[in-house]
file entry.cif (mmCIF, C-alpha atoms)
data_data
loop_
_atom_site.label_atom_id
_atom_site.label_comp_id
_atom_site.auth_asym_id
_atom_site.auth_seq_id
_atom_site.Cartn_x
_atom_site.Cartn_y
_atom_site.Cartn_z
CA MET A 236 -64.15 17.59 -57.46
CA LYS A 237 -62.33 14.87 -55.49
CA THR A 238 -58.71 14.15 -56.28
CA LYS A 239 -58.00 10.46 -56.55
CA PHE A 240 -54.79 9.56 -54.72
CA LYS A 241 -52.57 6.90 -56.29
CA ARG A 242 -50.78 4.70 -53.78
CA ARG A 243 -47.16 3.59 -54.14
CA LYS A 244 -46.40 -0.09 -54.59
CA ASP A 245 -44.76 -0.24 -51.15
CA ASN A 246 -48.00 1.06 -49.57
CA THR A 247 -46.34 4.10 -48.01
CA ILE A 248 -47.29 7.76 -48.20
CA LYS A 249 -44.21 9.95 -48.34
CA ILE A 250 -44.56 13.34 -46.65
CA ALA A 251 -41.99 16.16 -46.79
CA LEU A 252 -42.03 19.10 -44.40
CA LEU A 253 -39.87 21.97 -45.60
CA LEU A 254 -37.92 23.87 -42.97
CA TYR A 255 -36.34 27.32 -43.03
CA ASP A 256 -35.53 30.03 -40.49
CA GLN A 257 -38.34 32.25 -39.16
CA MET A 258 -41.03 29.74 -40.12
CA LEU A 259 -44.11 29.18 -37.96
CA ALA A 260 -43.61 25.93 -36.07
CA THR A 261 -47.35 25.19 -36.17
CA SER A 262 -47.18 25.08 -39.98
CA VAL A 263 -45.20 21.87 -39.55
CA SER A 264 -46.30 20.45 -36.19
CA LEU A 265 -50.03 20.67 -36.88
CA PRO A 266 -50.00 18.77 -40.22
CA VAL A 267 -47.75 16.06 -38.73
CA GLU A 268 -49.95 15.54 -35.69
CA MET A 269 -53.13 15.46 -37.76
CA LEU A 270 -51.67 13.10 -40.37
CA ARG A 271 -50.35 10.77 -37.66
CA ALA A 272 -53.79 10.77 -36.06
CA GLY A 273 -55.39 9.87 -39.38
CA GLU A 274 -52.86 7.06 -39.85
CA ALA A 275 -53.60 5.70 -36.37
CA VAL A 276 -57.37 5.69 -36.96
CA ALA A 277 -56.94 3.96 -40.32
CA LEU A 278 -54.54 1.30 -38.98
CA GLN A 279 -56.90 0.54 -36.13
CA ALA A 280 -59.60 -0.28 -38.66
CA ASN A 281 -57.29 -1.91 -41.23
CA ARG A 282 -53.75 -3.04 -40.43
CA HIS A 283 -52.95 -2.94 -44.17
CA ALA A 284 -53.68 0.81 -44.44
CA PRO A 285 -50.83 2.90 -45.90
CA ARG A 286 -48.03 3.91 -43.54
CA LEU A 287 -46.62 7.43 -43.44
CA SER A 288 -42.95 8.10 -44.17
CA ILE A 289 -42.23 11.63 -42.97
CA GLN A 290 -39.09 13.69 -43.57
CA MET A 291 -38.23 17.21 -42.47
CA VAL A 292 -36.24 18.71 -45.35
CA ALA A 293 -34.01 21.78 -45.43
CA GLU A 294 -31.24 23.24 -47.58
CA SER A 295 -28.67 21.85 -45.15
CA ILE A 296 -28.57 19.75 -41.98
CA LYS A 297 -28.46 22.41 -39.30
CA PRO A 298 -30.96 23.50 -36.64
CA ILE A 299 -33.74 25.73 -37.93
CA SER A 300 -34.88 28.66 -35.79
CA THR A 301 -38.64 29.11 -35.64
CA ARG A 302 -40.71 32.06 -34.52
CA ALA A 303 -41.73 30.05 -31.43
CA LEU A 304 -38.04 29.84 -30.38
CA ILE A 305 -38.22 26.08 -30.95
CA LYS A 306 -35.30 24.73 -32.96
CA LEU A 307 -36.08 22.01 -35.47
CA LEU A 308 -33.44 19.64 -36.81
CA PRO A 309 -33.96 18.51 -40.42
CA ASP A 310 -33.91 14.79 -41.17
CA ILE A 311 -32.25 15.28 -44.53
CA ASP A 312 -31.01 17.95 -46.91
CA ILE A 313 -32.50 18.82 -50.27
CA ASP A 314 -29.85 16.87 -52.21
CA HIS A 315 -30.80 13.56 -50.58
CA ALA A 316 -34.52 13.98 -49.92
CA GLN A 317 -37.05 11.46 -51.19
CA ARG A 318 -39.63 12.60 -53.74
CA PRO A 319 -42.70 13.06 -51.57
CA ASP A 320 -46.33 12.43 -52.37
CA PHE A 321 -47.16 15.57 -50.37
CA ALA A 322 -44.86 18.47 -49.50
CA PHE A 323 -45.84 21.06 -46.89
CA ILE A 324 -44.37 24.55 -47.26
CA PRO A 325 -44.72 26.44 -43.96
CA SER A 326 -45.66 30.05 -43.39
CA LEU A 327 -43.21 32.72 -42.27
CA TRP A 328 -43.78 35.25 -39.55
CA ARG A 329 -41.93 38.04 -41.30
CA ASN A 330 -41.71 39.32 -44.87
CA PRO A 331 -40.96 36.22 -46.97
CA ARG A 332 -38.61 37.91 -49.46
CA PRO A 333 -35.34 37.53 -47.46
CA THR A 334 -36.00 33.85 -46.74
CA ILE A 335 -36.89 33.11 -50.35
CA ALA A 336 -33.61 34.67 -51.49
CA GLN A 337 -31.75 32.22 -49.23
CA GLN A 338 -33.45 29.08 -50.60
CA PRO A 339 -32.23 28.57 -54.22
CA LYS A 340 -31.94 24.76 -53.87
CA MET A 341 -35.37 24.51 -52.28
CA LEU A 342 -36.98 26.46 -55.10
CA GLN A 343 -35.37 24.17 -57.66
CA TRP A 344 -36.39 21.09 -55.68
CA LEU A 345 -40.01 22.26 -55.51
CA THR A 346 -40.06 22.64 -59.28
CA GLU A 347 -38.55 19.18 -59.73
CA ILE A 348 -40.88 17.29 -57.40
CA TRP A 349 -43.90 19.16 -58.76
CA GLY A 350 -42.92 18.08 -62.27
CA LYS A 351 -42.64 14.48 -61.09
CA GLY A 352 -46.11 14.38 -59.56
CA SER A 353 -45.85 15.63 -55.98
CA THR A 354 -48.71 17.56 -54.41
CA LEU A 355 -47.65 20.86 -52.82
CA ILE A 356 -49.41 22.50 -49.86
CA GLY A 357 -48.40 26.07 -49.03
CA GLY A 358 -49.42 27.81 -45.84
CA GLY A 359 -49.73 31.60 -45.57
CA THR A 360 -46.60 33.30 -46.89
CA GLY A 361 -45.10 29.90 -47.64
CA VAL A 362 -47.18 30.12 -50.81
CA CYS A 363 -44.62 32.68 -52.00
CA LEU A 364 -42.02 29.94 -52.45
CA MET A 365 -44.37 28.12 -54.82
CA ALA A 366 -44.99 31.38 -56.68
CA GLU A 367 -41.26 32.18 -56.84
CA ALA A 368 -40.65 28.76 -58.39
CA GLY A 369 -43.21 29.56 -61.11
CA ILE A 370 -45.46 26.67 -60.11
CA LEU A 371 -48.48 28.94 -59.57
CA ASP A 372 -48.22 30.93 -62.79
CA TYR A 373 -51.69 31.30 -64.37
CA HIS A 374 -53.25 29.30 -61.52
CA PRO A 375 -55.25 30.46 -58.48
CA ALA A 376 -53.59 31.03 -55.11
CA THR A 377 -54.21 32.73 -51.80
CA THR A 378 -51.91 33.95 -49.04
CA HIS A 379 -51.85 35.80 -45.73
CA TRP A 380 -53.92 38.99 -45.96
CA HIS A 381 -51.04 41.22 -44.80
CA TYR A 382 -48.95 40.38 -47.89
CA VAL A 383 -51.67 40.40 -50.56
CA GLU A 384 -50.56 43.63 -52.27
CA GLN A 385 -46.88 42.65 -52.17
CA PHE A 386 -47.79 39.24 -53.60
CA LYS A 387 -49.67 40.88 -56.48
CA ARG A 388 -46.64 43.03 -57.31
CA ASP A 389 -44.11 40.22 -57.01
CA TYR A 390 -46.11 37.55 -58.85
CA PRO A 391 -48.41 39.20 -61.41
CA LYS A 392 -48.84 35.94 -63.34
CA VAL A 393 -50.54 34.25 -60.39
CA ASP A 394 -54.34 34.44 -60.24
CA LEU A 395 -54.54 35.62 -56.62
CA LYS A 396 -57.85 34.97 -54.82
CA PRO A 397 -57.52 36.98 -51.57
CA ASP A 398 -61.19 36.48 -50.67
CA PHE A 399 -60.68 32.72 -50.31
CA PHE A 400 -58.94 31.00 -47.40
CA ILE A 401 -58.15 27.97 -49.57
CA THR A 402 -57.38 27.49 -53.26
CA GLN A 403 -56.92 24.22 -55.09
CA SER A 404 -55.44 23.79 -58.54
CA GLU A 405 -54.45 20.36 -59.80
CA ARG A 406 -51.69 19.35 -57.34
CA THR A 407 -51.33 22.63 -55.47
CA TYR A 408 -53.15 23.79 -52.37
CA CYS A 409 -52.78 27.23 -50.81
CA ALA A 410 -53.98 28.18 -47.32
CA ALA A 411 -54.31 31.73 -46.05
CA SER A 412 -54.18 30.75 -42.36
CA VAL A 413 -53.31 27.92 -39.98
CA ASN A 414 -57.01 27.04 -39.60
CA ALA A 415 -57.33 26.80 -43.38
CA LEU A 416 -54.22 24.60 -43.46
CA ALA A 417 -55.88 22.27 -40.94
CA ASP A 418 -58.91 22.00 -43.22
CA ILE A 419 -56.67 21.05 -46.15
CA VAL A 420 -54.99 18.37 -44.02
CA VAL A 421 -58.40 16.88 -43.19
CA HIS A 422 -59.15 16.87 -46.92
CA ILE A 423 -55.86 15.04 -47.63
CA ILE A 424 -56.55 12.51 -44.88
CA PHE A 425 -59.87 11.85 -46.59
CA GLN A 426 -58.03 11.20 -49.87
CA ILE A 427 -55.56 8.80 -48.26
CA TYR A 428 -57.56 7.07 -45.53
CA GLY A 429 -61.21 7.76 -46.26
CA GLN A 430 -64.15 9.46 -44.60
CA ASN A 431 -64.04 7.81 -41.17
CA ALA A 432 -60.42 8.78 -40.47
CA ALA A 433 -60.96 12.31 -41.78
CA GLN A 434 -64.05 12.85 -39.64
CA GLN A 435 -62.39 11.53 -36.49
CA VAL A 436 -59.35 13.77 -36.98
CA GLU A 437 -61.58 16.77 -37.68
CA ARG A 438 -63.59 16.15 -34.51
CA ASN A 439 -60.48 15.95 -32.36
CA PHE A 440 -58.56 18.86 -33.85
CA SER A 441 -61.35 21.25 -34.89
CA HIS A 442 -64.03 21.32 -32.21
CA GLU A 443 -65.08 24.81 -33.23
CA ILE A 444 -67.78 25.11 -35.86
CA ARG A 445 -66.31 25.85 -39.27
CA LYS A 446 -67.37 25.46 -42.87
CA PRO A 447 -66.30 22.23 -44.57
CA TYR A 448 -63.37 22.24 -46.98
CA GLU A 449 -65.51 22.19 -50.12
CA GLU A 450 -67.35 25.38 -49.10
CA GLN A 451 -64.16 27.32 -48.37
CA ARG A 452 -61.88 26.66 -51.27
CA TYR A 453 -61.54 28.14 -54.72
CA LEU A 454 -61.18 25.15 -57.04
CA GLU A 455 -59.69 25.93 -60.44
CA GLY A 456 -62.00 24.87 -63.21
CA ALA A 457 -64.99 24.53 -60.89
CA VAL A 458 -68.06 26.72 -60.80
CA ASP A 459 -67.99 27.88 -57.19
CA ARG A 460 -68.94 31.36 -58.35
CA HIS A 461 -71.13 30.76 -61.32
CA PRO A 462 -72.82 33.23 -63.69
CA ASP A 463 -76.36 31.82 -63.38
CA GLU A 464 -78.04 34.64 -61.46
CA LEU A 465 -81.33 32.81 -61.01
CA ILE A 466 -79.63 29.81 -59.41
CA SER A 467 -77.63 32.20 -57.20
CA GLN A 468 -80.91 33.77 -56.04
CA ILE A 469 -82.34 30.34 -55.28
CA GLN A 470 -79.18 29.38 -53.36
CA PHE A 471 -79.51 32.51 -51.23
CA TRP A 472 -83.19 31.77 -50.61
CA LEU A 473 -82.36 28.22 -49.53
CA LYS A 474 -79.69 29.44 -47.08
CA THR A 475 -82.08 31.89 -45.46
CA ASN A 476 -85.16 29.64 -45.36
CA LEU A 477 -83.85 26.36 -43.97
CA ASN A 478 -87.03 25.62 -41.99
CA THR A 479 -89.40 25.99 -44.92
CA GLU A 480 -91.86 23.18 -45.55
CA LEU A 481 -91.71 23.81 -49.30
CA SER A 482 -90.21 21.11 -51.50
CA LEU A 483 -87.52 21.89 -54.06
CA ASN A 484 -90.19 21.55 -56.72
CA ASP A 485 -92.32 24.17 -54.91
CA ILE A 486 -89.30 26.48 -54.64
CA ALA A 487 -88.51 26.10 -58.34
CA GLN A 488 -92.09 27.03 -59.22
CA GLN A 489 -91.89 29.99 -56.86
CA PHE A 490 -88.97 31.27 -58.95
CA GLY A 491 -90.81 30.62 -62.21
CA ILE A 492 -88.75 27.67 -63.41
CA SER A 493 -89.74 24.07 -64.09
CA GLN A 494 -88.43 21.26 -61.88
CA ARG A 495 -86.59 19.71 -64.83
CA SER A 496 -84.92 22.95 -65.86
CA PHE A 497 -84.10 23.79 -62.24
CA THR A 498 -82.46 20.40 -61.67
CA ARG A 499 -80.37 20.68 -64.83
CA ARG A 500 -79.31 24.31 -64.29
CA PHE A 501 -78.51 23.83 -60.60
CA LYS A 502 -76.21 20.87 -61.27
CA TYR A 503 -74.54 22.67 -64.17
CA ALA A 504 -73.95 25.85 -62.15
CA THR A 505 -72.83 24.35 -58.84
CA GLY A 506 -71.48 20.92 -59.67
CA ILE A 507 -73.81 19.28 -57.14
CA ASN A 508 -77.47 18.30 -57.37
CA ALA A 509 -79.97 20.48 -55.56
CA THR A 510 -81.07 17.81 -53.07
CA GLN A 511 -77.50 17.20 -51.89
CA TYR A 512 -76.88 20.94 -51.62
CA TRP A 513 -80.09 21.43 -49.62
CA GLN A 514 -79.18 18.61 -47.26
CA GLN A 515 -75.64 19.95 -46.77
CA LEU A 516 -77.00 23.36 -45.76
CA LYS A 517 -79.41 21.80 -43.30
CA ILE A 518 -76.80 19.52 -41.70
CA GLN A 519 -74.26 22.33 -41.36
CA SER A 520 -76.84 24.56 -39.69
CA ALA A 521 -77.88 21.68 -37.43
CA LYS A 522 -74.25 21.19 -36.33
CA GLU A 523 -74.04 24.86 -35.36
CA LEU A 524 -77.32 24.72 -33.41
CA LEU A 525 -76.33 21.53 -31.61
CA ALA A 526 -73.03 23.07 -30.53
CA ALA A 527 -74.13 26.59 -29.69
CA SER A 528 -77.76 26.38 -28.52
CA ASN A 529 -79.81 24.58 -25.89
CA LEU A 530 -82.55 23.60 -28.32
CA SER A 531 -83.73 20.01 -28.05
CA ILE A 532 -82.92 17.60 -30.88
CA GLN A 533 -86.53 17.85 -32.04
CA GLU A 534 -86.35 21.65 -32.03
CA VAL A 535 -83.07 21.59 -33.99
CA ALA A 536 -84.68 19.27 -36.53
CA PHE A 537 -87.60 21.68 -36.89
CA GLN A 538 -85.27 24.68 -37.28
CA VAL A 539 -83.61 23.07 -40.28
CA GLY A 540 -86.80 21.93 -41.93
CA TYR A 541 -87.38 18.39 -40.64
CA GLN A 542 -90.76 17.74 -39.02
CA ASP A 543 -89.78 14.15 -38.23
CA GLN A 544 -86.95 13.91 -35.67
CA ALA A 545 -86.26 10.28 -36.62
CA ASN A 546 -85.75 11.25 -40.27
CA PHE A 547 -83.43 14.08 -39.22
CA THR A 548 -81.40 11.77 -36.96
CA ARG A 549 -81.11 9.16 -39.71
CA LEU A 550 -79.84 11.70 -42.25
CA PHE A 551 -77.46 13.32 -39.73
CA LYS A 552 -75.91 9.96 -38.83
CA GLN A 553 -75.74 8.95 -42.49
CA ARG A 554 -73.79 12.13 -43.26
CA LEU A 555 -71.51 12.33 -40.21
CA ASN A 556 -71.45 8.79 -38.84
CA ILE A 557 -72.65 10.06 -35.46
CA THR A 558 -76.09 10.85 -34.02
CA PRO A 559 -77.12 14.46 -33.24
CA LYS A 560 -77.18 13.66 -29.51
CA ALA A 561 -73.69 12.14 -29.57
CA TYR A 562 -72.37 15.00 -31.70
CA ARG A 563 -73.66 17.57 -29.19
CA ALA A 564 -72.12 15.67 -26.29
CA MET A 565 -68.79 15.39 -28.08
CA VAL A 566 -68.57 19.06 -29.03
CA ARG A 567 -69.79 20.30 -25.65
CA ARG A 568 -67.25 18.07 -23.91
CA LYS A 569 -64.45 19.63 -25.93
CA LEU A 570 -65.73 23.15 -25.50
CA PHE A 571 -66.55 23.11 -21.80
CA SER A 572 -64.58 20.29 -20.15
CA ASN A 573 -62.08 21.35 -17.53
CA GLY A 574 -60.22 18.11 -17.77
#
call {"tool": "encode", "arguments": {"input": "entry.cif", "output": "structure tokens"}}
result
Amino acid sequence: MKTKFKRRKDNTIKIALLLYDQMLATSVSLPVEMLRAGEAVALQANRHAPRLSIQMVAESIKPISTRALIKLLPDIDIDHAQRPDFAFIPSLWRNPRPTIAQQPKMLQWLTEIWGKGSTLIGGGTGVCLMAEAGILDYHPATTHWHYVEQFKRDYPKVDLKPDFFITQSERTYCAASVNALADIVVHIIFQIYGQNAAQQVERNFSHEIRKPYEEQRYLEGAVDRHPDELISQIQFWLKTNLNTELSLNDIAQQFGISQRSFTRRFKYATGINATQYWQQLKIQSAKELLAASNLSIQEVAFQVGYQDQANFTRLFKQRLNITPKAYRAMVRRKLFSNG
């Protein structure tokens, strides 16, 4: 499911970064740097792309002490803050309870902006502020693994998903780690600026091989974990037999199901058609092989089930807007360059 972002009439995207003592500075600095990068890429391609209006918001205008010993000065206090399109709620290094008790205005403000249409993104224990405000009641959430049991006790109405690094529910996103937060930011850049900007930011900020956003998150109302056991078995077979020469029709017959029934059931269970799913698995595996092995492009193509290197290259470029050779050079440069 892709969330459609509605632009303001003034063509600006308003971003709020909440600040409070003992927060992790990276929970604020990383989203800002990634969003600014996405803005720059988009403006380079289209000077009419939306501009970002970013505010750091706190209960009062005074320096905020972070775990990194870096002091951050808020731009504005809660009483005068703009209603943002996106609000980032940073993680805390320590137990979140004392900080939450000191933020009554912030909790009220979160409830107000959520009710007026803002999207909220909580990182790690910052998710607890969303839960404390009641915004996550009866919706999925995740948080830092160390505070899972405490979270369950404090917020029993929240549908906690500790096995997921990301959860998405309407206009709330929860990230269990800084890496997961980065993946959400890439997803938001895609919503605002499109695929090219999102891919360029991801390449520059996340050179390590990771699963894409859609494969990591728990999306409320979706069928990420579906009850169709036969389709689950086929999915597992596909993941472990990427280099098979069998067609999807052959695989369906192998599992005793007609092509028509397989196509219908697969789409119903997973929300994506089988061909797209199959291609996604192959491309993701190819990315890992290109980055971490010395196999030739032809050998990589063969490993993921493509006998024709040209066909593999065409599909790879169609999906990622970069050739396999250029992708390998880019990732290797980031991983091994001394400069």
call {"tool": "atom_distance", "arguments": {"input": "entry.cif", "atom1": "atom CA of A:Tyr408", "atom2": "atom CA of A:Val263"}}
result
15.2 Å
call {"tool": "resolve_selection", "arguments": {"input": "entry.cif", "expression": "the PyMOL selection byres ((chain A and resi 465) around 10)", "output": "PDB file with C-alpha atoms, in the frame of the given file"}}
result
ATOM      1  CA  PRO A 462     -72.820  33.230 -63.690  1.00  0.00           C
ATOM      2  CA  ASP A 463     -76.360  31.820 -63.380  1.00  0.00           C
ATOM      3  CA  GLU A 464     -78.040  34.640 -61.460  1.00  0.00           C
ATOM      4  CA  ILE A 466     -79.630  29.810 -59.410  1.00  0.00           C
ATOM      5  CA  SER A 467     -77.630  32.200 -57.200  1.00  0.00           C
ATOM      6  CA  GLN A 468     -80.910  33.770 -56.040  1.00  0.00           C
ATOM      7  CA  ILE A 469     -82.340  30.340 -55.280  1.00  0.00           C
ATOM      8  CA  GLN A 470     -79.180  29.380 -53.360  1.00  0.00           C
ATOM      9  CA  PHE A 471     -79.510  32.510 -51.230  1.00  0.00           C
ATOM     10  CA  PHE A 490     -88.970  31.270 -58.950  1.00  0.00           C
ATOM     11  CA  GLY A 491     -90.810  30.620 -62.210  1.00  0.00           C
ATOM     12  CA  ILE A 492     -88.750  27.670 -63.410  1.00  0.00           C
ATOM     13  CA  PHE A 497     -84.100  23.790 -62.240  1.00  0.00           C
ATOM     14  CA  ARG A 500     -79.310  24.310 -64.290  1.00  0.00           C
ATOM     15  CA  PHE A 501     -78.510  23.830 -60.600  1.00  0.00           C
TER      16      PHE A 501
END
call {"tool": "closest_residue", "arguments": {"input": "entry.cif", "among": "A:Leu525, A:Lys244, A:Ile311, A:Val436", "to": "A:Val267", "atoms": "only C-alpha atoms"}}
result
A:Val436
call {"tool": "residues_around", "arguments": {"input": "entry.cif", "residues": "A:Ala433", "least_positions_apart": "2", "cutoff": "12 Å", "atoms": "all atoms listed in the file", "output": "short mmCIF file (atom, residue, chain, number, x, y, z; two decimals) with C-alpha atoms, in the frame of the given file"}}
result
data_model
loop_
_atom_site.label_atom_id
_atom_site.label_comp_id
_atom_site.auth_asym_id
_atom_site.auth_seq_id
_atom_site.Cartn_x
_atom_site.Cartn_y
_atom_site.Cartn_z
CA MET A 269 -53.13 15.46 -37.76
CA LEU A 270 -51.67 13.10 -40.37
CA ARG A 271 -50.35 10.77 -37.66
CA ALA A 272 -53.79 10.77 -36.06
CA GLY A 273 -55.39 9.87 -39.38
CA GLU A 274 -52.86 7.06 -39.85
CA ALA A 275 -53.60 5.70 -36.37
CA VAL A 276 -57.37 5.69 -36.96
CA ALA A 277 -56.94 3.96 -40.32
CA ALA A 417 -55.88 22.27 -40.94
CA ASP A 418 -58.91 22.00 -43.22
CA ILE A 419 -56.67 21.05 -46.15
CA VAL A 420 -54.99 18.37 -44.02
CA VAL A 421 -58.40 16.88 -43.19
CA HIS A 422 -59.15 16.87 -46.92
CA ILE A 423 -55.86 15.04 -47.63
CA ILE A 424 -56.55 12.51 -44.88
CA PHE A 425 -59.87 11.85 -46.59
CA GLN A 426 -58.03 11.20 -49.87
CA ILE A 427 -55.56 8.80 -48.26
CA TYR A 428 -57.56 7.07 -45.53
CA GLY A 429 -61.21 7.76 -46.26
CA GLN A 430 -64.15 9.46 -44.60
CA ASN A 431 -64.04 7.81 -41.17
CA GLN A 435 -62.39 11.53 -36.49
CA VAL A 436 -59.35 13.77 -36.98
CA GLU A 437 -61.58 16.77 -37.68
CA ARG A 438 -63.59 16.15 -34.51
CA ASN A 439 -60.48 15.95 -32.36
CA PHE A 440 -58.56 18.86 -33.85
CA SER A 441 -61.35 21.25 -34.89
CA PRO A 447 -66.30 22.23 -44.57
CA TYR A 448 -63.37 22.24 -46.98
CA LEU A 555 -71.51 12.33 -40.21
CA ASN A 556 -71.45 8.79 -38.84
#
call {"tool": "closest_residue", "arguments": {"input": "entry.cif", "among": "A:Ala366, A:Thr407, A:Thr479, A:Lys517", "to": "A:Arg388", "atoms": "only C-alpha atoms"}}
result
A:Ala366
call {"tool": "closest_residue", "arguments": {"input": "entry.cif", "among": "A:Leu308, A:Leu516, A:Cys363, A:Ala322", "to": "A:Ile248", "atoms": "only C-alpha atoms"}}
result
A:Ala322
call {"tool": "atom_distance", "arguments": {"input": "entry.cif", "atom1": "atom CA of A:Thr378", "atom2": "atom CA of A:Gly358"}}
result
7.4 Å
call {"tool": "closest_residue", "arguments": {"input": "entry.cif", "among": "A:Ala509, A:Ala526, A:Met291, A:Tyr503", "to": "A:Ser482", "atoms": "all atoms listed in the file"}}
result
A:Ala509
call {"tool": "resolve_selection", "arguments": {"input": "entry.cif", "expression": "the PyMOL selection byres ((chain A and resi 380) around 12)", "output": "VMD selection string"}}
result
chain A and resid 359 to 360 377 to 379 381 to 387 395 to 400 410 to 412
call {"tool": "closest_residue", "arguments": {"input": "entry.cif", "among": "A:Ile299, A:Ala251, A:Val292, A:Ala545", "to": "A:Thr354", "atoms": "only C-alpha atoms"}}
result
A:Ala251
call {"tool": "residues_around", "arguments": {"input": "entry.cif", "residues": "A:Leu524", "least_positions_apart": "6", "cutoff": "9 Å", "atoms": "all atoms listed in the file", "output": "list in words"}}
result
Leu530, Val535 and Gln538 of chain A
call {"tool": "atom_distance", "arguments": {"input": "entry.cif", "atom1": "atom CA of A:Asp543", "atom2": "atom CA of A:Ser528"}}
result
19.7 Å
call {"tool": "closest_residue", "arguments": {"input": "entry.cif", "among": "A:Gln533, A:Gln553, A:Ser496, A:Gln542", "to": "A:Leu481", "atoms": "only C-alpha atoms"}}
result
A:Gln542
call {"tool": "resolve_selection", "arguments": {"input": "entry.cif", "expression": "the PyMOL selection byres ((chain A and resi 334) around 10)", "output": "VMD selection string"}}
result
chain A and resid 255 to 258 327 329 to 333 335 to 339 361 364
call {"tool": "write_last_selection", "arguments": {"input": "entry.cif", "atoms": "C-alpha atoms", "output": "short mmCIF file (atom, residue, chain, number, x, y, z; two decimals), in the frame of the given file"}}
result
data_model
loop_
_atom_site.label_atom_id
_atom_site.label_comp_id
_atom_site.auth_asym_id
_atom_site.auth_seq_id
_atom_site.Cartn_x
_atom_site.Cartn_y
_atom_site.Cartn_z
CA TYR A 255 -36.34 27.32 -43.03
CA ASP A 256 -35.53 30.03 -40.49
CA GLN A 257 -38.34 32.25 -39.16
CA MET A 258 -41.03 29.74 -40.12
CA LEU A 327 -43.21 32.72 -42.27
CA ARG A 329 -41.93 38.04 -41.30
CA ASN A 330 -41.71 39.32 -44.87
CA PRO A 331 -40.96 36.22 -46.97
CA ARG A 332 -38.61 37.91 -49.46
CA PRO A 333 -35.34 37.53 -47.46
CA ILE A 335 -36.89 33.11 -50.35
CA ALA A 336 -33.61 34.67 -51.49
CA GLN A 337 -31.75 32.22 -49.23
CA GLN A 338 -33.45 29.08 -50.60
CA PRO A 339 -32.23 28.57 -54.22
CA GLY A 361 -45.10 29.90 -47.64
CA LEU A 364 -42.02 29.94 -52.45
#
call {"tool": "residues_near_point", "arguments": {"input": "entry.cif", "point": "(-37.2, 25.8, -33.8)", "cutoff": "12 Å", "atoms": "all atoms listed in the file", "output": "PyMOL selection string"}}
result
chain A and resi 254-264+297-309
call {"tool": "write_last_selection", "arguments": {"input": "entry.cif", "atoms": "C-alpha atoms", "output": "CSV table (one decimal), keeping the file's coordinate frame"}}
result
chain,number,residue,atom,x,y,z
A,254,LEU,CA,-37.9,23.9,-43.0
A,255,TYR,CA,-36.3,27.3,-43.0
A,256,ASP,CA,-35.5,30.0,-40.5
A,257,GLN,CA,-38.3,32.2,-39.2
A,258,MET,CA,-41.0,29.7,-40.1
A,259,LEU,CA,-44.1,29.2,-38.0
A,260,ALA,CA,-43.6,25.9,-36.1
A,261,THR,CA,-47.4,25.2,-36.2
A,262,SER,CA,-47.2,25.1,-40.0
A,263,VAL,CA,-45.2,21.9,-39.6
A,264,SER,CA,-46.3,20.4,-36.2
A,297,LYS,CA,-28.5,22.4,-39.3
A,298,PRO,CA,-31.0,23.5,-36.6
A,299,ILE,CA,-33.7,25.7,-37.9
A,300,SER,CA,-34.9,28.7,-35.8
A,301,THR,CA,-38.6,29.1,-35.6
A,302,ARG,CA,-40.7,32.1,-34.5
A,303,ALA,CA,-41.7,30.0,-31.4
A,304,LEU,CA,-38.0,29.8,-30.4
A,305,ILE,CA,-38.2,26.1,-31.0
A,306,LYS,CA,-35.3,24.7,-33.0
A,307,LEU,CA,-36.1,22.0,-35.5
A,308,LEU,CA,-33.4,19.6,-36.8
A,309,PRO,CA,-34.0,18.5,-40.4
call {"tool": "axis_aligned_box", "arguments": {"input": "entry.cif", "around": "stretch 433-442 of chain A", "padding_each_side": "4 Å", "output": "JSON"}}
result
{"center_x": -61.3, "center_y": 16.4, "center_z": -37.0, "size_x": 13.5, "size_y": 17.8, "size_z": 17.6}
call {"tool": "residues_around", "arguments": {"input": "entry.cif", "residues": "A:Lys340", "least_positions_apart": "4", "cutoff": "9 Å", "atoms": "only C-alpha atoms", "output": "number ranges by chain"}}
result
A: 294, 313-314, 344-345
call {"tool": "write_last_selection", "arguments": {"input": "entry.cif", "atoms": "C-alpha atoms", "output": "PDB file, keeping the file's coordinate frame"}}
result
ATOM      1  CA  GLU A 294     -31.240  23.240 -47.580  1.00  0.00           C
ATOM      2  CA  ILE A 313     -32.500  18.820 -50.270  1.00  0.00           C
ATOM      3  CA  ASP A 314     -29.850  16.870 -52.210  1.00  0.00           C
ATOM      4  CA  TRP A 344     -36.390  21.090 -55.680  1.00  0.00           C
ATOM      5  CA  LEU A 345     -40.010  22.260 -55.510  1.00  0.00           C
TER       6      LEU A 345
END
